[in-house]
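Let me begin by presenting the structure, written as structure tokens, before commenting on it.
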Amino acid sequence: MKVALFATCLVDTMVPQVARATAVLLERLGHEVVVPPGQACCGQMHVNTGYRREAAPIVANHVRAFRGAEAIVAPSGSCVASIHHQQADVLRRAGEHALADEAASLAERTYELSQFLVDVLGVTDVGAYYPHRVTYHPTCHSLRLLRVGDRPLRLLRAVRGLELAELPGADQCCGFGGTFAVKNADTSTAMLTDKMANVLSTHAEVCTAGDASCLLHIGGGLSRMRSGTRTVHLAEILASTEEAVQPDQSTRPAISAVNAEGTTS
Amino acid sequence: MTVVDLGMPTLPHAPRGVGHLRGNRPFPDAARDALRDGQLRANLGHATSTIRAKRAAVVAEVPDWEQLRAAGKAIKAATMARLDAHLEELERQVTARGGTVHWARDAIEANAIVTELVRATGVHEVVKVKSMATQEIGLNEALEAAGITAHETDLAELIVQLGHDQPSHILVPAIHKNRAEIREIFLRTMPEVDPGLSDDPRELAMAARAHLRERFLRAEVAISGANFAVAETGTLAVVESEGNGRMCLTLPRTLITVMGIEKLVPSWRDLEVFLQLLPRSSTGERMNPYTSLWTGVTPGDGPQDFHLVLLDNGRTATLADEVGREALHCIRCSACLNVCPVYERTGGHAYGSVYPGPIGAVLSPQLTGVEDNASLPYASSLCGACYDVCPVAIDIPSILVHLRAEHVEAQKHATPEAVAFRVLAKVMSHPRRWRMAQKAAGLGRLLARGRPTMPAALPPPASRWTQSRDLPTPPKETFTQAWAREHGS
């Protein structure tokens, strides 16, 4: 299958290794990966902060960039949920009815990574190897908007060497919430503290999830506390193999010295 | 040439200076203080997690819960679509059965109507059934100003009233207090109480019982709210756990009920759906212990003088918003408060309104006009837990997002935030500009001087992130750049 990869603005700009891992994984499973060069952002941050008028051209750009794609995969439950639940409405409110219809039809072919692997490709064992103790945080939009259910857990259970530790209070929000994290920084931090307490109670080396944004928040807190537990995106774990441990899909923390030195590729 | 605007006139919102729908401070400021209150956090964490588990267990028992929710949502939507006709039917039926119906445009009118009705009876005290509508309009304060003492009789409302406090939860107004704190309030404020009172729940309840019993027996006027009104027969309904409400509804000679206009259901068949949804969602019980229903006046039985005050106070304005109107479907179960990660940590007072939590964050700004509660639509991480538990499936996250847009679009002058978002939108809608912006963001790594994370001391607004979270140093090259380089596109 020819898969169009939507890196998402945050992953592309801040944690490119997550998009790289997604591409490596899909190619390893025998699929052709294309990265449409016109892509930027799904528009979610604008919509959820109240700038839904301003979001319309962003959404329009997204629709143009992925026009004609057979299947679109993104390593983010939140962005995919926005594509499914918000994009067509944003365009319709802006009077862009033809584009809105196109957005709705693109949304039907847009998948969050774990959904694509399990539902479309029909695999749970992707041949990954990741010799670490890992706990999984089901991010809110994956859980409640996309209903990914236990798909990520089924994928993780099939990873060789991986020891899965159950996260207490897993369905509780980590406190990220997009601009909520800065507009209500204190409440966001209080939620983060409780999430970190639960993560640390598992004694996992790694906390994983399907959303780089939530992981940026949880990982940022864990890093600030010098906790030693790091955050790694689900795609990075699934991309890891015994044979091909590359620097950019390694088992290192998401916040790593490698990023700063710019030697990731 | 004159331009005639034939658009919808602006409908009135709940007036300022009366009632409890507006806080003194924006949510983030009020929340900051609440978050530092360790006792509050402990009390709330304990109470909400207990009730969450109870609700989940009793909801799981109902095989057709999702169908019930869908029915509840459909009935509410259909009722709201013809609310005017249903309200007139309700008025006809209540009047035909010996009650008197009053229409109150807002809190000021409702308070004046109730005060005048109580004055006409000549008494100087009333007993009250727990009611959100009367808290919303600040009725107790209005009565006090007229020399009338209102005694709250719901145990938790009594605790709040005796403690000179404000309710912090729709169902459990004193949820922020623990047993030890309640004992202290009782010892300080109930003159007749046994000084050896312990914090055993039974002892506390018995003390409140003795305190209230005396008031029930001498009461001549009662004031209530209503959970439901059935339009086809003019029947009012109050559901409760304690039976104190029923004392008020049956013992006094005069009963005055203040009800929001959105509370009615057309028929008894509709009521059946909500009486299944409400107790499981609110107290986590299969059925509430007391359901009191009354229709007009029954000679020789119960109150002989019944008044129904129908309250608008911003509800018609809410109904006019095609996205926001769904908030009027709320049956005040408070399940959304109990699952909300924001509410659980900040408590109800931070919202500044008698309606706290997720439903409050969509209801209060609509009743007052969004500019009077502009911080509330942002008081949510949009995690969606509220939508999942709502017994009438109100899509609270979508309404929150909608109200944020209403607020942004109501600004007459561009805020720095709006300027930034507009510039970013221009950048994000053109691939070439976006690539350039990404390169510029990558230069942020120079501030990190080779460290894996950015400095914690960044200027605002970045500081609001870095105050508690490290920010990774941006990479030298984005994924799309690297991919294009490798694949020659």
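Simple scheme: letters A, B, ... for chains in structure tokens order, numbers from 1 for residues in each chain, numbers from 1 for ligands in the order shown.
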
Running DSSP on the backbone, which parts of region 234-473 of chain B land in helix (DSSP H, G or I), as JSON, numbers by chain?
{"B": [244, 245, 246, 247, 248, 249, 250, 261, 262, 263, 268, 269, 270, 271, 272, 273, 274, 275, 276, 277, 278, 279, 280, 281, 282, 315, 316, 317, 318, 319, 324, 325, 326, 327, 328, 329, 335, 336, 337, 338, 339, 341, 342, 343, 344, 345, 346, 349, 350, 351, 357, 358, 359, 360, 361, 362, 363, 364, 365, 366, 367, 368, 370, 371, 372, 373, 376, 377, 378, 385, 386, 387, 388, 389, 396, 397, 398, 399, 400, 401, 402, 403, 404, 405, 406, 407, 408, 409, 410, 416, 417, 418, 419, 420, 421, 422, 423, 424, 425, 426, 427, 428, 431, 432, 433, 434, 435, 436, 437, 438, 439, 440, 441, 442, 445, 446, 447, 448, 463, 464, 465, 466]}

Shell around region 114-117 of chain A at 6 Å using only C-alpha atoms, local window under 4 positions removed, as a list in words:
Leu121, Val123 and Pro152 of chain A

Quick one: distance from CA of Ala47 (chain B) to CA of Gly347 (chain B) in Å, one decimal?
11.1 Å

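When only C-alpha atoms are used to compute distances to Phe66 (chain A), the closest of the residues A:Leu106, A:Ala98, A:Leu234, A:Cys9 turns out to be A:Leu106.
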
Just the residues within 9 Å of Ile185 (chain B), please, counting only C-alpha atoms, with nothing from its chain fewer than 6 positions along; format it as a ChimeraX atom specification.
/B:159,162-163

From region 170-239 of chain B, collect each residue whose DSSP state is strand (DSSP E or B) and return the set as a list in words.
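Here are the strand (DSSP E or B) residues of region 170-239 of chain B: Val221, Ala222, Ile223, Ser224, Phe228, Ala229, Val230, Thr235, Leu236, Ala237, Val238 and Val239 of chain B.
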
Closest of B:Leu275, B:Val427, B:Met259, B:Val265 to Met132 (chain B) - atom-to-atom distances counting only C-alpha atoms
B:Met259

Please provide the set of residues having any atom within 10 Å of region 25-39 of chain A, restricted to only C-alpha atoms, with same-chain residues fewer than 4 positions apart removed, written as a VMD selection string.
(chain A and resid 1 to 9 19 to 21 58 61 to 67 69 72 to 73 113 117 121 123 126 to 128 235 to 241 249) or (chain B and resid 428 to 432 434 to 435 479 to 481 483 to 484 487 489)

Using only C-alpha atoms, which residues sit within 9 Å of region 76-87 of chain A once same-chain residues fewer than 4 positions away are excluded, as a PyMOL selection string?
chain A and resi 7-8+11+41-44+47+55-56+59-60+91-92+100+103-104+106-108+110-113+139-143+145-146+148+210-213

Got time to write the residues from that selection, N, CA and C atoms, as a short mmCIF file (atom, residue, chain, number, x, y, z; two decimals), in the first residue's frame?
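Just written: again.cif:
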```cif
data_model
loop_
_atom_site.label_atom_id
_atom_site.label_comp_id
_atom_site.auth_asym_id
_atom_site.auth_seq_id
_atom_site.Cartn_x
_atom_site.Cartn_y
_atom_site.Cartn_z
N ALA A 7 3.34 14.02 9.22
CA ALA A 7 4.26 14.04 10.37
C ALA A 7 3.64 14.78 11.56
N THR A 8 2.77 15.75 11.30
CA THR A 8 2.19 16.72 12.23
C THR A 8 3.22 17.80 12.54
N VAL A 11 5.58 17.14 15.74
CA VAL A 11 6.58 16.09 15.56
C VAL A 11 7.65 16.54 14.57
N CYS A 41 0.17 21.71 9.16
CA CYS A 41 -0.53 21.51 10.44
C CYS A 41 -1.98 21.16 10.14
N CYS A 42 -2.63 20.43 11.06
CA CYS A 42 -4.03 20.06 10.86
C CYS A 42 -4.97 21.19 11.26
N GLY A 43 -4.48 22.16 12.02
CA GLY A 43 -5.31 23.29 12.42
C GLY A 43 -5.88 23.18 13.82
N GLN A 44 -5.61 22.06 14.50
CA GLN A 44 -6.25 21.82 15.79
C GLN A 44 -5.95 22.90 16.83
N VAL A 47 -8.10 25.91 16.23
CA VAL A 47 -9.52 25.66 16.52
C VAL A 47 -9.75 25.59 18.02
N ALA A 55 -8.20 29.18 11.38
CA ALA A 55 -7.80 27.80 11.10
C ALA A 55 -8.18 27.37 9.68
N ALA A 56 -9.16 28.05 9.10
CA ALA A 56 -9.67 27.59 7.80
C ALA A 56 -8.59 27.46 6.72
N VAL A 59 -6.38 24.41 7.46
CA VAL A 59 -7.06 23.17 7.10
C VAL A 59 -7.07 23.01 5.57
N ALA A 60 -7.33 24.11 4.88
CA ALA A 60 -7.36 24.06 3.41
C ALA A 60 -6.00 23.60 2.88
N LEU A 91 -14.08 24.25 7.70
CA LEU A 91 -14.18 24.70 6.31
C LEU A 91 -15.62 25.10 5.96
N ARG A 92 -16.57 24.35 6.47
CA ARG A 92 -17.97 24.65 6.18
C ARG A 92 -18.36 26.01 6.75
N ALA A 100 -14.68 21.34 2.17
CA ALA A 100 -15.18 20.64 3.36
C ALA A 100 -15.54 19.19 3.03
N ALA A 103 -12.38 17.38 2.68
CA ALA A 103 -11.79 17.12 4.01
C ALA A 103 -12.46 15.92 4.66
N ALA A 104 -13.79 15.85 4.53
CA ALA A 104 -14.52 14.74 5.13
C ALA A 104 -14.12 13.41 4.50
N LEU A 106 -11.20 12.83 2.97
CA LEU A 106 -9.81 12.54 3.39
C LEU A 106 -9.79 11.97 4.80
N ALA A 107 -10.66 12.49 5.66
CA ALA A 107 -10.70 12.02 7.05
C ALA A 107 -11.00 10.53 7.11
N GLU A 108 -11.86 10.08 6.20
CA GLU A 108 -12.20 8.64 6.18
C GLU A 108 -10.98 7.79 5.86
N THR A 110 -7.87 8.70 6.82
CA THR A 110 -6.79 9.13 7.72
C THR A 110 -6.82 8.29 9.00
N TYR A 111 -5.67 7.75 9.36
CA TYR A 111 -5.60 6.82 10.49
C TYR A 111 -4.51 7.22 11.48
N GLU A 112 -4.81 7.02 12.74
CA GLU A 112 -3.78 7.07 13.78
C GLU A 112 -2.97 5.78 13.62
N LEU A 113 -1.69 5.83 13.97
CA LEU A 113 -0.78 4.72 13.68
C LEU A 113 -1.28 3.36 14.17
N THR A 139 -3.62 8.36 25.63
CA THR A 139 -3.93 9.78 25.58
C THR A 139 -5.43 9.99 25.35
N CYS A 140 -5.94 11.11 25.85
CA CYS A 140 -7.40 11.32 25.90
C CYS A 140 -8.06 11.26 24.52
N HIS A 141 -7.44 11.90 23.54
CA HIS A 141 -8.11 11.94 22.23
C HIS A 141 -8.03 10.58 21.52
N SER A 142 -6.98 9.82 21.76
CA SER A 142 -6.93 8.44 21.23
C SER A 142 -8.02 7.60 21.90
N LEU A 143 -8.13 7.80 23.21
CA LEU A 143 -9.03 7.00 24.02
C LEU A 143 -10.50 7.35 23.76
N LEU A 145 -11.89 10.10 21.65
CA LEU A 145 -12.39 10.59 20.35
C LEU A 145 -12.21 9.54 19.26
N LEU A 146 -11.05 8.84 19.28
CA LEU A 146 -10.80 7.84 18.24
C LEU A 146 -11.17 6.43 18.69
N VAL A 148 -9.34 4.14 20.21
CA VAL A 148 -8.35 3.16 19.77
C VAL A 148 -8.34 1.93 20.68
N GLY A 210 0.70 7.39 22.17
CA GLY A 210 0.55 7.60 20.74
C GLY A 210 0.51 9.06 20.34
N ASP A 211 0.79 9.95 21.28
CA ASP A 211 0.77 11.39 20.99
C ASP A 211 2.04 12.06 21.47
N ALA A 212 2.78 12.66 20.54
CA ALA A 212 4.03 13.32 20.91
C ALA A 212 3.78 14.54 21.79
N SER A 213 2.60 15.15 21.63
CA SER A 213 2.31 16.36 22.41
C SER A 213 2.19 16.04 23.90
#
```

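Residues in contact range of region 174-178 of chain B, defined as at most 8 Å between only C-alpha atoms, with sequence neighbours fewer than 3 positions away removed, read Leu40, Asn43, Leu44, Ala47, Ala156, Glu157, Ile159, Val160, Pro167, Ser168, His169, Glu181, Ile182 and Gly347 of chain B.
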
Please report as a PyMOL selection string which residues of chain B come no farther than 7 Å from chain A, using only C-alpha atoms.
chain B and resi 28+31-32+341-342+378+380-384+401+404-405+408+422+425+428-431+434+438+445+450-452+464-465+468-480

Among B:Trp65, B:Phe274, B:Phe27, B:Trp103, Leu310 (chain B) is approached most closely, using only C-alpha atoms, by B:Trp103

Between CA of Thr124 (chain A) and CA of Leu155 (chain A), what is the spacing in Å?
4.8 Å

Would you kindly return, as a ChimeraX atom specification, each protein, DNA or RNA residue with an atom no farther than 9 Å from any atom of Glu344 (chain B), considering only C-alpha atoms and excluding same-chain residues fewer than 4 positions away?
/B:41,44-45,48-49,337-340,348,357

Using CA of Ala385 (chain B) and CA of Cys336 (chain B) as the two end points, give the distance in Å to one decimal.
7.3 Å
